[in-house]
$ cat data38.txt   # compact mmCIF, C-alpha atoms (C1' of nucleotides)
# COMPACT_ATOMS: atom_id res chain seq x y z
CA MET A 30 41.78 44.01 81.65
CA ASN A 31 44.26 46.62 82.79
CA LEU A 32 46.75 45.63 80.12
CA PHE A 33 44.15 45.87 77.35
CA TRP A 34 42.81 49.10 78.79
CA GLU A 35 46.28 50.59 78.83
CA ARG A 36 47.63 49.40 75.50
CA GLY A 37 44.55 48.56 73.46
CA TYR A 38 43.80 45.37 71.56
CA ASN A 39 46.65 45.54 69.07
CA GLY A 40 49.07 47.11 71.52
CA ALA A 41 48.87 44.19 73.93
CA SER A 42 50.77 41.13 72.70
CA MET A 43 50.13 37.59 73.84
CA LYS A 44 53.60 37.62 75.43
CA GLN A 45 52.57 40.55 77.63
CA ILE A 46 49.24 38.91 78.35
CA GLU A 47 50.98 35.71 79.44
CA GLN A 48 53.04 37.73 81.88
CA ALA A 49 50.08 39.76 83.16
CA LEU A 50 48.00 36.63 83.79
CA ASP A 51 50.98 34.49 84.85
CA MET A 52 49.62 31.83 82.54
CA ARG A 53 51.15 29.89 79.70
CA PRO A 54 49.67 30.04 76.17
CA GLY A 55 47.93 26.67 76.41
CA SER A 56 46.06 27.60 79.57
CA ILE A 57 45.06 30.96 78.18
CA TYR A 58 43.65 29.47 75.00
CA ALA A 59 41.94 26.63 76.89
CA THR A 60 40.26 29.21 79.13
CA PHE A 61 39.41 32.05 76.75
CA GLY A 62 39.47 30.52 73.28
CA ASN A 63 41.55 33.17 71.58
CA LYS A 64 42.72 36.76 71.94
CA ASP A 65 39.33 38.10 70.88
CA GLY A 66 37.57 36.02 73.52
CA LEU A 67 39.93 37.18 76.22
CA PHE A 68 39.57 40.79 75.15
CA GLY A 69 35.82 40.38 75.13
CA GLU A 70 35.81 39.20 78.72
CA ALA A 71 38.12 42.02 79.72
CA LEU A 72 35.88 44.60 78.07
CA ALA A 73 32.77 43.11 79.68
CA ALA A 74 34.47 43.23 83.08
CA TYR A 75 35.43 46.85 82.48
CA ALA A 76 31.88 47.77 81.53
CA GLN A 77 30.40 46.02 84.54
CA GLN A 78 32.87 47.75 86.83
CA GLY A 79 31.90 51.09 85.27
CA GLY A 80 28.23 50.37 85.78
CA VAL A 81 28.79 49.58 89.45
CA ASP A 82 30.83 52.74 89.84
CA LEU A 83 28.02 54.92 88.45
CA GLN A 84 25.36 53.18 90.51
CA GLU A 85 27.36 53.44 93.73
CA HIS A 86 28.01 57.09 93.08
CA LEU A 87 24.39 57.97 92.43
CA ALA A 88 23.31 56.10 95.58
CA GLY A 89 24.78 58.92 97.65
CA PHE A 90 22.44 61.53 96.18
CA ALA A 91 18.77 62.22 96.71
CA SER A 92 18.67 64.15 93.41
CA VAL A 93 19.51 62.30 90.21
CA LEU A 94 20.78 65.44 88.50
CA ASP A 95 22.99 66.33 91.47
CA GLY A 96 24.33 62.80 91.34
CA LEU A 97 25.07 62.97 87.62
CA GLN A 98 26.80 66.32 87.99
CA SER A 99 28.88 64.95 90.82
CA TYR A 100 29.62 61.88 88.72
CA LEU A 101 31.07 64.06 85.97
CA ARG A 102 33.44 65.61 88.49
CA HIS A 103 34.18 62.17 89.88
CA VAL A 104 35.15 60.97 86.42
CA ALA A 105 37.36 64.01 85.99
CA ARG A 106 39.11 63.24 89.27
CA ARG A 107 39.66 59.62 88.27
CA SER A 108 40.90 60.73 84.83
CA SER A 109 43.36 63.15 86.35
CA PRO A 110 47.01 62.93 85.25
CA GLU A 111 47.97 62.44 88.90
CA GLU A 112 45.95 59.27 89.26
CA VAL A 113 47.60 55.95 88.56
CA SER A 114 45.31 54.24 86.10
CA PRO A 115 45.95 52.04 83.07
CA SER A 116 44.56 54.85 80.96
CA ARG A 117 42.75 58.13 81.49
CA ALA A 118 40.51 57.45 78.51
CA CYS A 119 37.57 55.05 78.55
CA MET A 120 38.40 51.50 77.45
CA ILE A 121 35.08 51.18 75.63
CA VAL A 122 35.71 54.28 73.52
CA LYS A 123 39.32 53.26 72.91
CA THR A 124 38.01 49.92 71.69
CA LEU A 125 35.33 51.49 69.52
CA LEU A 126 37.84 53.75 67.79
CA GLU A 127 40.51 51.10 67.41
CA ALA A 128 38.33 48.20 66.27
CA SER A 129 35.64 49.85 64.15
CA ASN A 130 37.38 49.23 60.83
CA THR A 131 39.58 46.29 61.74
CA ASN A 132 37.74 43.92 64.10
CA THR A 133 33.98 43.72 63.65
CA ALA A 134 33.29 41.36 66.57
CA ILE A 135 34.99 43.60 69.09
CA ALA A 136 33.57 46.80 67.63
CA ASP A 137 30.09 45.28 67.84
CA GLN A 138 30.64 44.52 71.51
CA ALA A 139 31.76 48.07 72.23
CA ASN A 140 28.71 49.34 70.37
CA ALA A 141 26.38 47.12 72.37
CA ILE A 142 27.88 48.29 75.66
CA LEU A 143 27.52 51.94 74.68
CA GLY A 144 23.92 51.24 73.78
CA VAL A 145 23.27 49.79 77.22
CA ILE A 146 24.91 52.77 78.90
CA GLU A 147 22.83 55.15 76.80
CA GLN A 148 19.69 53.31 77.94
CA SER A 149 20.78 53.47 81.59
CA LEU A 150 21.29 57.21 81.32
CA THR A 151 17.91 57.57 79.63
CA ASP A 152 16.25 55.67 82.47
CA LEU A 153 17.98 57.84 85.04
CA LEU A 154 16.89 61.02 83.32
CA GLU A 155 13.33 59.76 82.99
CA GLN A 156 13.43 59.15 86.72
CA ALA A 157 14.68 62.71 87.23
CA LYS A 158 11.86 64.04 85.07
CA THR A 159 9.28 62.09 87.04
CA ARG A 160 10.68 63.59 90.21
CA GLY A 161 10.30 67.04 88.76
CA GLU A 162 14.02 67.72 88.51
CA LEU A 163 13.91 68.15 84.75
CA MET A 164 11.73 70.37 82.63
CA PRO A 165 8.57 68.43 81.77
CA ASP A 166 9.16 68.60 78.02
CA THR A 167 12.70 67.24 78.23
CA ASN A 168 13.59 64.62 75.63
CA CYS A 169 15.40 62.24 77.98
CA ALA A 170 16.75 59.85 75.36
CA ARG A 171 18.24 62.78 73.49
CA LEU A 172 19.65 64.34 76.64
CA ALA A 173 21.14 60.94 77.55
CA ARG A 174 23.07 60.96 74.28
CA LEU A 175 24.29 64.48 74.97
CA LEU A 176 25.39 63.33 78.41
CA GLN A 177 27.13 60.28 77.02
CA ALA A 178 28.93 62.45 74.50
CA GLN A 179 30.06 64.65 77.41
CA LEU A 180 31.50 61.64 79.23
CA ILE A 181 33.22 60.45 76.06
CA GLY A 182 34.58 63.92 75.38
CA LEU A 183 35.70 64.45 78.95
CA ARG A 184 37.65 61.25 79.24
CA SER A 185 39.18 61.48 75.77
CA PHE A 186 40.14 65.08 76.45
CA ALA A 187 41.70 63.94 79.73
CA GLN A 188 43.99 61.65 77.75
CA ARG A 189 45.68 64.81 76.49
CA ASP A 190 48.84 66.06 78.13
CA ILE A 191 46.96 68.61 80.21
CA SER A 192 46.71 69.73 83.83
CA ALA A 193 44.33 68.16 86.33
CA GLU A 194 42.82 71.57 87.02
CA LYS A 195 41.79 72.07 83.42
CA VAL A 196 40.14 68.67 83.37
CA ARG A 197 38.30 69.60 86.55
CA GLU A 198 37.16 72.88 85.01
CA LEU A 199 35.93 71.01 81.96
CA ALA A 200 33.89 68.66 84.12
CA ASP A 201 32.39 71.67 85.93
CA ASP A 202 31.41 73.26 82.64
CA MET A 203 29.86 70.01 81.48
CA ALA A 204 27.97 69.65 84.74
CA ALA A 205 26.64 73.18 84.25
CA ILE A 206 25.07 72.09 80.98
CA LEU A 207 22.67 69.87 82.91
CA ASP A 208 21.49 72.92 84.87
CA TYR A 209 19.97 74.31 81.68
CA TYR A 210 17.65 71.31 81.56
CA ARG A 211 16.54 71.63 85.20
CA ALA A 212 12.93 72.45 85.97
CA ARG A 213 12.44 76.05 87.14
CA HIS A 214 10.78 76.29 90.53
CA MET B 14 46.48 59.24 55.27
CA ASN B 15 43.12 57.63 54.55
CA LEU B 16 44.47 54.17 55.32
CA PHE B 17 45.90 55.27 58.68
CA TRP B 18 42.76 57.25 59.45
CA GLU B 19 40.61 54.22 58.74
CA ARG B 20 42.64 51.49 60.39
CA GLY B 21 44.88 53.30 62.86
CA TYR B 22 48.63 53.00 63.27
CA ASN B 23 48.77 49.36 64.30
CA GLY B 24 45.88 48.36 62.08
CA ALA B 25 47.63 49.47 58.91
CA SER B 26 50.38 47.10 57.83
CA MET B 27 53.28 48.03 55.59
CA LYS B 28 51.86 45.62 52.99
CA GLN B 29 48.65 47.64 52.88
CA ILE B 30 50.62 50.88 52.84
CA GLU B 31 52.69 49.66 49.89
CA GLN B 32 49.47 48.98 48.01
CA ALA B 33 47.84 52.28 48.99
CA LEU B 34 50.90 54.28 47.91
CA ASP B 35 51.74 52.01 44.97
CA MET B 36 55.33 52.10 46.18
CA ARG B 37 57.81 49.36 47.05
CA PRO B 38 59.32 49.13 50.57
CA GLY B 39 62.67 50.66 49.56
CA SER B 40 61.06 53.77 48.10
CA ILE B 41 58.79 54.19 51.10
CA TYR B 42 61.66 53.97 53.56
CA ALA B 43 63.86 56.23 51.44
CA THR B 44 61.10 58.84 51.39
CA PHE B 45 59.64 58.65 54.90
CA GLY B 46 62.31 56.97 57.03
CA ASN B 47 60.07 54.49 58.75
CA LYS B 48 56.45 53.76 59.58
CA ASP B 49 56.43 56.38 62.34
CA GLY B 50 57.72 59.04 59.97
CA LEU B 51 55.09 58.18 57.37
CA PHE B 52 52.34 58.19 59.96
CA GLY B 53 53.59 61.53 61.24
CA GLU B 54 53.29 63.07 57.80
CA ALA B 55 49.83 61.56 57.35
CA LEU B 56 48.67 62.95 60.68
CA ALA B 57 50.11 66.38 59.90
CA ALA B 58 48.31 66.37 56.54
CA TYR B 59 45.07 65.40 58.26
CA ALA B 60 45.45 68.20 60.79
CA GLN B 61 46.19 70.78 58.14
CA GLN B 62 43.19 69.67 56.10
CA GLY B 63 41.05 69.97 59.22
CA GLY B 64 42.32 73.46 59.89
CA VAL B 65 41.51 74.56 56.35
CA ASP B 66 38.06 73.05 56.66
CA LEU B 67 37.29 75.02 59.82
CA GLN B 68 38.67 78.25 58.41
CA GLU B 69 36.75 77.90 55.15
CA HIS B 70 33.57 77.19 57.03
CA LEU B 71 33.88 80.19 59.32
CA ALA B 72 34.59 82.46 56.38
CA GLY B 73 30.93 82.18 55.40
CA PHE B 74 29.71 83.74 58.63
CA ALA B 75 29.74 87.28 59.92
CA SER B 76 29.30 86.00 63.48
CA VAL B 77 31.98 83.76 64.95
CA LEU B 78 29.51 81.99 67.23
CA ASP B 79 27.09 81.36 64.38
CA GLY B 80 29.98 79.97 62.42
CA LEU B 81 31.07 77.66 65.22
CA GLN B 82 27.53 76.41 65.75
CA SER B 83 27.20 75.74 62.05
CA TYR B 84 30.58 74.02 62.10
CA LEU B 85 29.34 71.60 64.75
CA ARG B 86 26.45 70.67 62.50
CA HIS B 87 28.80 70.47 59.54
CA VAL B 88 31.00 68.02 61.45
CA ALA B 89 27.92 65.96 62.32
CA ARG B 90 26.95 65.84 58.66
CA ARG B 91 30.45 64.75 57.66
CA SER B 92 30.49 62.14 60.45
CA SER B 93 27.16 60.70 59.37
CA PRO B 94 26.94 56.95 58.76
CA GLU B 95 25.77 57.69 55.23
CA GLU B 96 28.94 59.51 54.29
CA VAL B 97 31.80 57.59 52.76
CA SER B 98 34.80 58.47 54.84
CA PRO B 99 37.78 56.45 56.09
CA SER B 100 36.37 56.89 59.59
CA ARG B 101 33.65 58.90 61.27
CA ALA B 102 35.92 59.54 64.25
CA CYS B 103 38.73 62.10 64.27
CA MET B 104 42.13 60.72 63.28
CA ILE B 105 43.87 62.87 65.87
CA VAL B 106 41.75 61.52 68.72
CA LYS B 107 42.06 57.97 67.40
CA THR B 108 45.81 58.45 67.40
CA LEU B 109 45.87 59.96 70.88
CA LEU B 110 43.91 57.05 72.34
CA GLU B 111 45.82 54.38 70.45
CA ALA B 112 49.34 55.70 70.92
CA SER B 113 49.31 57.25 74.40
CA ASN B 114 50.72 54.18 76.16
CA THR B 115 52.50 52.50 73.29
CA ASN B 116 54.14 55.08 71.03
CA THR B 117 55.37 58.24 72.72
CA ALA B 118 56.53 60.04 69.59
CA ILE B 119 53.18 59.74 67.87
CA ALA B 120 51.19 60.50 71.02
CA ASP B 121 53.28 63.64 71.49
CA GLN B 122 52.44 64.75 67.97
CA ALA B 123 48.73 64.21 68.53
CA ASN B 124 49.00 66.17 71.76
CA ALA B 125 50.76 69.04 70.05
CA ILE B 126 48.13 69.22 67.33
CA LEU B 127 45.31 69.27 69.87
CA GLY B 128 47.13 72.07 71.67
CA VAL B 129 47.26 74.10 68.47
CA ILE B 130 43.56 73.52 67.81
CA GLU B 131 42.72 74.54 71.36
CA GLN B 132 44.65 77.77 70.82
CA SER B 133 42.88 78.43 67.51
CA LEU B 134 39.51 78.01 69.19
CA THR B 135 40.62 80.29 72.01
CA ASP B 136 41.61 82.96 69.50
CA LEU B 137 38.29 82.65 67.72
CA LEU B 138 36.35 82.98 70.95
CA GLU B 139 38.43 85.97 72.02
CA GLN B 140 37.53 87.52 68.70
CA ALA B 141 33.87 86.78 69.38
CA LYS B 142 34.15 88.37 72.79
CA THR B 143 35.74 91.48 71.33
CA ARG B 144 32.86 91.72 68.89
CA GLY B 145 30.40 91.54 71.74
CA GLU B 146 29.04 88.14 70.81
CA LEU B 147 30.10 86.59 74.10
CA MET B 148 29.42 87.69 77.65
CA PRO B 149 32.23 90.04 78.70
CA ASP B 150 33.37 87.85 81.59
CA THR B 151 33.70 84.72 79.44
CA ASN B 152 36.83 82.66 80.04
CA CYS B 153 37.63 82.01 76.40
CA ALA B 154 40.48 79.54 76.96
CA ARG B 155 38.22 77.50 79.19
CA LEU B 156 35.29 77.70 76.79
CA ALA B 157 37.63 76.64 73.99
CA ARG B 158 38.42 73.45 75.90
CA LEU B 159 34.71 72.81 76.43
CA LEU B 160 34.17 73.30 72.73
CA GLN B 161 37.05 71.01 71.82
CA ALA B 162 35.63 68.36 74.15
CA GLN B 163 32.30 68.72 72.32
CA LEU B 164 33.98 68.13 68.98
CA ILE B 165 35.85 65.13 70.35
CA GLY B 166 32.69 63.77 71.93
CA LEU B 167 30.60 64.36 68.84
CA ARG B 168 32.91 62.59 66.44
CA SER B 169 33.66 59.71 68.77
CA PHE B 170 29.95 59.30 69.46
CA ALA B 171 29.37 59.32 65.70
CA GLN B 172 31.64 56.29 65.41
CA ARG B 173 28.90 54.35 67.18
CA ASP B 174 26.41 52.29 65.20
CA ILE B 175 23.79 55.02 65.37
CA SER B 176 21.46 56.88 63.05
CA ALA B 177 22.45 60.05 61.24
CA GLU B 178 19.50 61.85 62.75
CA LYS B 179 20.66 61.22 66.29
CA VAL B 180 24.10 62.52 65.44
CA ARG B 181 22.48 65.62 63.98
CA GLU B 182 20.40 66.09 67.11
CA LEU B 183 23.51 65.76 69.22
CA ALA B 184 25.26 68.44 67.22
CA ASP B 185 22.23 70.71 67.65
CA ASP B 186 22.30 70.20 71.41
CA MET B 187 26.01 70.96 71.48
CA ALA B 188 25.52 74.07 69.41
CA ALA B 189 22.86 75.19 71.88
CA ILE B 190 25.46 75.09 74.65
CA LEU B 191 27.24 78.01 73.02
CA ASP B 192 24.05 80.05 73.24
CA TYR B 193 24.37 80.05 77.02
CA TYR B 194 27.62 81.95 76.67
CA ARG B 195 26.21 84.57 74.29
CA ALA B 196 26.03 88.16 75.42
CA ARG B 197 22.48 89.27 76.29
CA HIS B 198 21.31 92.29 74.31
C1' DT C 1 76.00 59.85 23.82
C1' DC C 2 78.44 58.77 27.83
C1' DT C 3 78.73 59.34 32.90
C1' DT C 4 77.12 60.37 37.27
C1' DT C 5 73.57 60.71 40.46
C1' DT C 6 69.10 59.57 42.08
C1' DT C 7 65.31 56.63 42.54
C1' DT C 8 63.01 52.28 42.43
C1' DT C 9 62.79 47.53 42.81
C1' DG C 10 61.65 43.13 45.27
C1' DA C 11 63.64 39.30 47.36
C1' DA C 12 65.41 38.49 51.80
C1' DT C 13 66.11 39.76 56.79
C1' DG C 14 65.37 38.67 61.77
C1' DA C 15 61.90 39.66 64.98
C1' DT C 16 57.43 39.17 66.50
C1' DT C 17 52.68 37.76 65.82
C1' DA C 18 48.73 34.70 67.48
C1' DC C 19 48.22 30.11 68.30
C1' DT C 20 48.84 24.61 68.84
C1' DC C 21 49.59 20.22 71.01
C1' DA C 22 51.95 16.21 72.92
C1' DA C 23 53.74 15.62 77.34
C1' DT C 24 53.43 16.56 82.13
C1' DT C 25 51.48 17.90 86.41
C1' DA C 26 47.67 18.50 89.47
C1' DC C 27 43.38 17.32 91.18
C1' DA C 28 39.21 14.49 92.38
C1' DC C 29 36.96 10.44 93.54
C1' DC C 30 36.84 5.71 95.47
C1' DG D 8 47.12 4.55 97.52
C1' DG D 9 45.39 3.98 92.93
C1' DT D 10 42.92 5.59 88.96
C1' DG D 11 40.67 8.61 85.85
C1' DT D 12 39.91 13.39 84.62
C1' DA D 13 41.16 18.05 84.21
C1' DA D 14 44.42 21.67 83.88
C1' DT D 15 49.00 23.33 82.86
C1' DT D 16 53.20 23.46 80.56
C1' DG D 17 56.49 25.42 77.04
C1' DA D 18 58.75 24.30 72.95
C1' DG D 19 57.30 24.80 68.47
C1' DT D 20 54.12 26.23 64.38
C1' DA D 21 53.27 29.06 60.23
C1' DA D 22 52.28 33.57 59.20
C1' DT D 23 53.02 38.26 59.35
C1' DC D 24 55.54 42.17 61.10
C1' DA D 25 58.63 46.33 59.92
C1' DT D 26 62.79 46.91 57.67
C1' DT D 27 67.15 46.34 54.67
C1' DC D 28 70.10 46.41 50.62
C1' DA D 29 72.39 44.97 46.40
C1' DA D 30 70.97 45.29 41.85
C1' DA D 31 68.35 47.49 38.17
C1' DA D 32 66.15 51.39 36.18
C1' DA D 33 65.47 56.23 35.55
C1' DA D 34 66.88 60.91 35.55
C1' DA D 35 70.21 64.56 35.32
C1' DG D 36 74.39 66.67 33.76
C1' DA D 37 78.21 67.22 30.55

$ encode --input "data38.txt" --output "structure tokens"
Amino acid sequence: MNLFWERGYNGASMKQIEQALDMRPGSIYATFGNKDGLFGEALAAYAQQGGVDLQEHLAGFASVLDGLQSYLRHVARRSSPEEVSPSRACMIVKTLLEASNTNTAIADQANAILGVIEQSLTDLLEQAKTRGELMPDTNCARLARLLQAQLIGLRSFAQRDISAEKVRELADDMAAILDYYRARH
Amino acid sequence: MNLFWERGYNGASMKQIEQALDMRPGSIYATFGNKDGLFGEALAAYAQQGGVDLQEHLAGFASVLDGLQSYLRHVARRSSPEEVSPSRACMIVKTLLEASNTNTAIADQANAILGVIEQSLTDLLEQAKTRGELMPDTNCARLARLLQAQLIGLRSFAQRDISAEKVRELADDMAAILDYYRARH
DNA sequence: TCTTTTTTTGAATGATTACTCAATTACACC
DNA sequence: GGTGTAATTGAGTAATCATTCAAAAAAAGA
């Protein structure tokens, strides 16, 4: 997963995969079918890990919106140039952009995952609306897409050769956007 | 340029490039050096074209902020699934994500281009501030990065299998963010 | 028109690609 | 310990990768 995340589908050769897994070709193909199958499992593992990360983070907050704002800053911290990570950018977005016109199966998988994430965010925002955190007329599905676009933008921006502070500032500015949707008390 | 934009650096083979250019290997290598050199010229051409597009669009507006908001919607229209384009996503971002851990030279070029764009946006926002369109205490460099992240997020989001209307809505919501930075009269 | 320079051609290069399979090793059950 | 099943090995496959270069063609200069 880390190798694919770092180098992308085409950038990771079977030779490098053999080394990363400490497995020989035959075992790899017996286990995963082919490179697509292996990549698919890696991407699914990445997505699941990301889902757990979001859920764990939100668990520490009584307010959904506070949790989402903190999550944006959390993502910025994890996408900081100081951190040691296979890539600062999101593996799902990297996959979507790389595979969209070259590998339909993989692009479809990335699309499906992003659809699930969008739905999760919608559910969370609906929950926030029910709790009175959001303005009553908020279109939660639409706001979820805006939020997802923020996460995509943040992490892709973080892939730039740029300081950690500027990434942090960006996350703060993105978090502030959510304030505009908060219910006035 | 279109071939690289559509399929990415690794996704475009020299065979396909030969066909797209209607040139034989020797001529290609005599003209561009190698695949990296050719890709570099394609990316530079893409960036220049993008710069012209932004400039032309803003020329139709007396207000910088109005122009930028309209540009967001213009980008959404161009990134619509109905449009015939090599890719809905931005070639520069695609390159940044694909090359960051595999091809330093190309990643550096993408980084440099994004730096130039950031500076252009900063200049535009400074101009808006001078004209009294923005709140006087606006941090234009920081807002420029937020705006760039919106453009990155919008076009990457548009690469999803999603309706044109939802992309349009997203662009509207992003444009609305700029309103929060407008000077109150 | 002849000569020189430049450009184009396309077959051939070695390296690398994803992938296969007969042979071998390891494991599980009695 | 013996036997059958499952998993692993790694040399080897054909195809494709980016790239080269001597020969041919085209263009430029005299």

$ interface_residues --input "data38.txt" --of "chain A" --to "chain D" --cutoff "9 Å" --atoms "only C-alpha atoms (C1' of nucleotides)" --output "VMD selection string"
chain A and resid 52 to 56 59

$ interface_residues --input "data38.txt" --of "chain A" --to "chain B" --cutoff "9 Å" --atoms "all atoms listed in the file" --output "number ranges by chain"
A: 35-37, 39-40, 115-116, 118, 122-123, 125-131, 136-137, 139-141, 143-144, 171-172, 174-175, 177-186, 188-190, 195, 198-200, 202-203, 206, 209

$ write_last_selection --input "data38.txt" --atoms "C-alpha atoms" --output "PDB file, in the frame of the given file"
ATOM      1  CA  GLU A  35      46.280  50.590  78.830  1.00  0.00           C
ATOM      2  CA  ARG A  36      47.630  49.400  75.500  1.00  0.00           C
ATOM      3  CA  GLY A  37      44.550  48.560  73.460  1.00  0.00           C
ATOM      4  CA  ASN A  39      46.650  45.540  69.070  1.00  0.00           C
ATOM      5  CA  GLY A  40      49.070  47.110  71.520  1.00  0.00           C
ATOM      6  CA  PRO A 115      45.950  52.040  83.070  1.00  0.00           C
ATOM      7  CA  SER A 116      44.560  54.850  80.960  1.00  0.00           C
ATOM      8  CA  ALA A 118      40.510  57.450  78.510  1.00  0.00           C
ATOM      9  CA  VAL A 122      35.710  54.280  73.520  1.00  0.00           C
ATOM     10  CA  LYS A 123      39.320  53.260  72.910  1.00  0.00           C
ATOM     11  CA  LEU A 125      35.330  51.490  69.520  1.00  0.00           C
ATOM     12  CA  LEU A 126      37.840  53.750  67.790  1.00  0.00           C
ATOM     13  CA  GLU A 127      40.510  51.100  67.410  1.00  0.00           C
ATOM     14  CA  ALA A 128      38.330  48.200  66.270  1.00  0.00           C
ATOM     15  CA  SER A 129      35.640  49.850  64.150  1.00  0.00           C
ATOM     16  CA  ASN A 130      37.380  49.230  60.830  1.00  0.00           C
ATOM     17  CA  THR A 131      39.580  46.290  61.740  1.00  0.00           C
ATOM     18  CA  ALA A 136      33.570  46.800  67.630  1.00  0.00           C
ATOM     19  CA  ASP A 137      30.090  45.280  67.840  1.00  0.00           C
ATOM     20  CA  ALA A 139      31.760  48.070  72.230  1.00  0.00           C
ATOM     21  CA  ASN A 140      28.710  49.340  70.370  1.00  0.00           C
ATOM     22  CA  ALA A 141      26.380  47.120  72.370  1.00  0.00           C
ATOM     23  CA  LEU A 143      27.520  51.940  74.680  1.00  0.00           C
ATOM     24  CA  GLY A 144      23.920  51.240  73.780  1.00  0.00           C
ATOM     25  CA  ARG A 171      18.240  62.780  73.490  1.00  0.00           C
ATOM     26  CA  LEU A 172      19.650  64.340  76.640  1.00  0.00           C
ATOM     27  CA  ARG A 174      23.070  60.960  74.280  1.00  0.00           C
ATOM     28  CA  LEU A 175      24.290  64.480  74.970  1.00  0.00           C
ATOM     29  CA  GLN A 177      27.130  60.280  77.020  1.00  0.00           C
ATOM     30  CA  ALA A 178      28.930  62.450  74.500  1.00  0.00           C
ATOM     31  CA  GLN A 179      30.060  64.650  77.410  1.00  0.00           C
ATOM     32  CA  LEU A 180      31.500  61.640  79.230  1.00  0.00           C
ATOM     33  CA  ILE A 181      33.220  60.450  76.060  1.00  0.00           C
ATOM     34  CA  GLY A 182      34.580  63.920  75.380  1.00  0.00           C
ATOM     35  CA  LEU A 183      35.700  64.450  78.950  1.00  0.00           C
ATOM     36  CA  ARG A 184      37.650  61.250  79.240  1.00  0.00           C
ATOM     37  CA  SER A 185      39.180  61.480  75.770  1.00  0.00           C
ATOM     38  CA  PHE A 186      40.140  65.080  76.450  1.00  0.00           C
ATOM     39  CA  GLN A 188      43.990  61.650  77.750  1.00  0.00           C
ATOM     40  CA  ARG A 189      45.680  64.810  76.490  1.00  0.00           C
ATOM     41  CA  ASP A 190      48.840  66.060  78.130  1.00  0.00           C
ATOM     42  CA  LYS A 195      41.790  72.070  83.420  1.00  0.00           C
ATOM     43  CA  GLU A 198      37.160  72.880  85.010  1.00  0.00           C
ATOM     44  CA  LEU A 199      35.930  71.010  81.960  1.00  0.00           C
ATOM     45  CA  ALA A 200      33.890  68.660  84.120  1.00  0.00           C
ATOM     46  CA  ASP A 202      31.410  73.260  82.640  1.00  0.00           C
ATOM     47  CA  MET A 203      29.860  70.010  81.480  1.00  0.00           C
ATOM     48  CA  ILE A 206      25.070  72.090  80.980  1.00  0.00           C
ATOM     49  CA  TYR A 209      19.970  74.310  81.680  1.00  0.00           C
TER      50      TYR A 209
END

$ interface_residues --input "data38.txt" --of "chain C" --to "chain A" --cutoff "9 Å" --atoms "all atoms listed in the file" --output "VMD selection string"
chain C and resid 17 to 21

$ residues_around --input "data38.txt" --residues "range 59-76 of chain B" --least-positions-apart "2" --cutoff "12 Å" --atoms "all atoms listed in the file" --output "CSV table (one decimal) with C-alpha atoms, keeping the file's coordinate frame"
chain,number,residue,atom,x,y,z
B,14,MET,CA,46.5,59.2,55.3
B,15,ASN,CA,43.1,57.6,54.6
B,16,LEU,CA,44.5,54.2,55.3
B,17,PHE,CA,45.9,55.3,58.7
B,18,TRP,CA,42.8,57.2,59.4
B,52,PHE,CA,52.3,58.2,60.0
B,53,GLY,CA,53.6,61.5,61.2
B,54,GLU,CA,53.3,63.1,57.8
B,55,ALA,CA,49.8,61.6,57.4
B,56,LEU,CA,48.7,63.0,60.7
B,57,ALA,CA,50.1,66.4,59.9
B,78,LEU,CA,29.5,82.0,67.2
B,79,ASP,CA,27.1,81.4,64.4
B,80,GLY,CA,30.0,80.0,62.4
B,81,LEU,CA,31.1,77.7,65.2
B,82,GLN,CA,27.5,76.4,65.8
B,83,SER,CA,27.2,75.7,62.0
B,84,TYR,CA,30.6,74.0,62.1
B,85,LEU,CA,29.3,71.6,64.8
B,86,ARG,CA,26.4,70.7,62.5
B,87,HIS,CA,28.8,70.5,59.5
B,88,VAL,CA,31.0,68.0,61.4
B,91,ARG,CA,30.4,64.8,57.7
B,99,PRO,CA,37.8,56.4,56.1
B,103,CYS,CA,38.7,62.1,64.3
B,104,MET,CA,42.1,60.7,63.3
B,105,ILE,CA,43.9,62.9,65.9
B,106,VAL,CA,41.8,61.5,68.7
B,108,THR,CA,45.8,58.4,67.4
B,122,GLN,CA,52.4,64.8,68.0
B,123,ALA,CA,48.7,64.2,68.5
B,124,ASN,CA,49.0,66.2,71.8
B,125,ALA,CA,50.8,69.0,70.0
B,126,ILE,CA,48.1,69.2,67.3
B,127,LEU,CA,45.3,69.3,69.9
B,128,GLY,CA,47.1,72.1,71.7
B,129,VAL,CA,47.3,74.1,68.5
B,130,ILE,CA,43.6,73.5,67.8
B,131,GLU,CA,42.7,74.5,71.4
B,132,GLN,CA,44.6,77.8,70.8
B,133,SER,CA,42.9,78.4,67.5
B,134,LEU,CA,39.5,78.0,69.2
B,137,LEU,CA,38.3,82.6,67.7
B,138,LEU,CA,36.4,83.0,71.0
B,140,GLN,CA,37.5,87.5,68.7
B,141,ALA,CA,33.9,86.8,69.4
B,142,LYS,CA,34.2,88.4,72.8
B,143,THR,CA,35.7,91.5,71.3
B,144,ARG,CA,32.9,91.7,68.9
B,145,GLY,CA,30.4,91.5,71.7
B,146,GLU,CA,29.0,88.1,70.8
B,147,LEU,CA,30.1,86.6,74.1
B,164,LEU,CA,34.0,68.1,69.0
B,195,ARG,CA,26.2,84.6,74.3

$ atom_distance --input "data38.txt" --atom1 "C1' of DT9 in chain C" --atom2 "CA of Ile119 in chain B"
29.5 Å

$ atom_distance --input "data38.txt" --atom1 "CA of Ala177 in chain B" --atom2 "CA of Pro94 in chain B"
6.0 Å

$ atom_distance --input "data38.txt" --atom1 "CA of Leu191 in chain B" --atom2 "CA of Thr151 in chain B"
11.3 Å
